[in-house]
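These notes are about the structure you will find just below.
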2 protein chains.
Amino acid sequence: MKLSTKSRYAVTAMLDLAIHDRVGPVTLADISQTQGISLSYLEQLFAKLRKQGLVAGVRGPGGGYRLAQPAHEITVASIITAVDENVKMTRCQGSGDCHDGQRCLTHQLWDELSEQLFTFLDGITLDQFANRPEVQQIVRRQQQQHPRPAHPHFIFGRSAA
Amino acid sequence: MKLSTKSRYAVTAMLDLAIHDRVGPVTLADISQTQGISLSYLEQLFAKLRKQGLVAGVRGPGGGYRLAQPAHEITVASIITAVDENVKMTRCQGSGDCHDGQRCLTHQLWDELSEQLFTFLDGITLDQFANRPEVQQIVRRQQQQHPRPAHPHFIFGRSAA
DNA sequence: CTAAACCTGACTTAGAAGGTCGGGAATTGT
DNA sequence: ACAATTCCCGACCTTCTAAGTCAGGTTTAG
């Protein structure tokens with residue numbers, strides 16, 4: 001379990017996706033704009049998220065990304081492990097041959113720590129997270145600064161024409 | 001709160017110190033041998049630990065390092081924050097101006113996470129840790145592979161002469 | 001005085017984070 | 001059919017930090 005800004009970017013992007021996906025696929029360009037993450041970097045992250053079956057890409061105009069699972073089934077932990085495939089903190093994790101073929105003094109502690117983290121993050125789903133009041137508030141502000149016009153294709157039940 | 005091998009090295013070294021300091025100061029050379037950490041690197045780490053008042057250096061022959069506080073008052077968290085002075089995980093931590101002068105979506109989550117970690121590590125003292133059965137076992141093995149003869153100066157109450 | 005230890009700071013190296021670039025392949029609207 | 005839009009892919013670059021090295025100090029017990 002590793003915690004980097006990379007992980008945070010991934011979680012942020014997935015959250016954005018979870019919030020907006022009911023109006024159709026979300027483009028990486030939108031996420032890039034709204035969340036301030038480089039487009040190319042997002043592409044790298046989403047490649048991994050796709051391989052892990054967390055999102056599905058929709059090609060062509062009007063396309064973008066959608067969640068491949070319902071938001072209440074996607075945990076923050078699963079997102080982080082998806083983009084940071086190098087789950088083991090150090091050479092230690094594997095089979096305990098961290099030092100001279102023996103396990104180092106702190107091996108056990110780091111294991112416990114890792115588990116604490118995982119348990120915490122595994123208990124939070126995208127769904128729960130998206131519904132937090134603080135998050136909602138930020139989303140509203142972002143809506144004003146970076147409006148997301150729905151693609152024409154996805155307006156069919158509305159009073160738009 | 002940051003978790004690197006650097007932190008682990010520091011905790012390992014402090015643990016070694018806590019275990020052996022009743023027979024006098026412990027040299028960095030000893031720790032380097034026993035724990036497999038580069039001597040110069042240890043010196044860097046201990047410079048920081050000393051500045052934070054966790055250890056005290058004793059110069060000259062027969063010298064080394066001692067704990068500057070009783071082992072039951074030193075927490076793992078204090079060791080980690082001592083060597084990783086850059087406590088903030090990202091630009092985010094400071095005042096929440098992570099993105100466009102606004103706080104990013106995951107700001108709150110990362111804060112909570114950081115706190116979870118800290119609480120966990122702050123609840124573990126060197127003392128507690130050193131007395132764990134697993135740790136004791138490793139120490140015994142290390143004693144056989146890397147015996148630590150006490151310096152003559154510190155043998156005065158024994159049947160050594 | 002000298003050797004053992006701490007102390008200091010500058011330097012090097014490896015690897016990862018974060019980002020860029022250029023070109024594809026699929027799909028939709030016209 | 002065709003062009004625009006989007007995902008998709010891989011190579012590359014830059015910057016930063018962990019981790020380690022090196023070369024010199026300074027203090028102090030014997």
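In the structure tokens, chains take letters A, B, ... by order of appearance, with residues numbered from 1 within each chain and ligands from 1 in the order shown.
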query = Could you name the residues that touch DC6 of chain C at 12 Å or less, counting only C-alpha atoms (C1' of nucleotides), but leaving out those on the same chain fewer than 5 positions away, as an MDAnalysis selection string?
reply = (chainID B and resid 25:29 39:40 42:44 46:47 50 56:65) or (chainID D and resid 25:28)
message = I need the residues in chain A that are strand (DSSP E or B) according to DSSP; give them as a PyMOL selection string.
response = chain A and resi 26+55-58+64-67+75+99+102+125
request  = Using only C-alpha atoms, select each residue of chain B with any atom at most 9 Å away from an atom of chain A, and give the selection as a PyMOL selection string.
outcome  = chain B and resi 2-5+8-9+11-12+15-16+35-36+89-90+99-100+102-110+113+116-117+120-121+129+134-135+138-139
query = For chain C against chain B, which residues fall within 10 Å using only C-alpha atoms (C1' of nucleotides), given as a PyMOL selection string?
reply = chain C and resi 3-8
Within 8 Å of chain A: each chain D residue with its shortest pair, only C-alpha atoms (C1' of nucleotides), as a tab-separated table:
```
residue	atom	partner	partner_atom	distance
D:DA4	C1'	A:Pro61	CA	7.6
D:DT5	C1'	A:Pro61	CA	4.2
D:DT6	C1'	A:Gly60	CA	4.6
D:DC7	C1'	A:Arg59	CA	5.2
```
ask   = What is the atom C1' of DC22 of chain D to atom C1' of DT13 of chain C distance in Å?
value =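 Going from atom C1' of DC22 of chain D over to atom C1' of DT13 of chain C, I get 13.4 Å.
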Could you make a table, as a Markdown table, of the residues of chain C that have an atom within 12 Å of an atom of segment 13-21 of chain D, each with its nearest atom pair and distance in Å to one decimal, counting only C-alpha atoms (C1' of nucleotides), in chain and number order?
```
| residue | atom | partner | partner_atom | distance |
| --- | --- | --- | --- | --- |
| C:DA10 | C1' | D:DT21 | C1' | 10.5 |
| C:DC11 | C1' | D:DT21 | C1' | 7.9 |
| C:DT12 | C1' | D:DT21 | C1' | 7.2 |
| C:DT13 | C1' | D:DG20 | C1' | 8.0 |
| C:DA14 | C1' | D:DA19 | C1' | 8.8 |
| C:DG15 | C1' | D:DA18 | C1' | 9.0 |
| C:DA16 | C1' | D:DT17 | C1' | 9.0 |
| C:DA17 | C1' | D:DC16 | C1' | 8.3 |
| C:DG18 | C1' | D:DT15 | C1' | 8.7 |
| C:DG19 | C1' | D:DT14 | C1' | 8.2 |
| C:DT20 | C1' | D:DC13 | C1' | 7.3 |
| C:DC21 | C1' | D:DC13 | C1' | 9.7 |
```
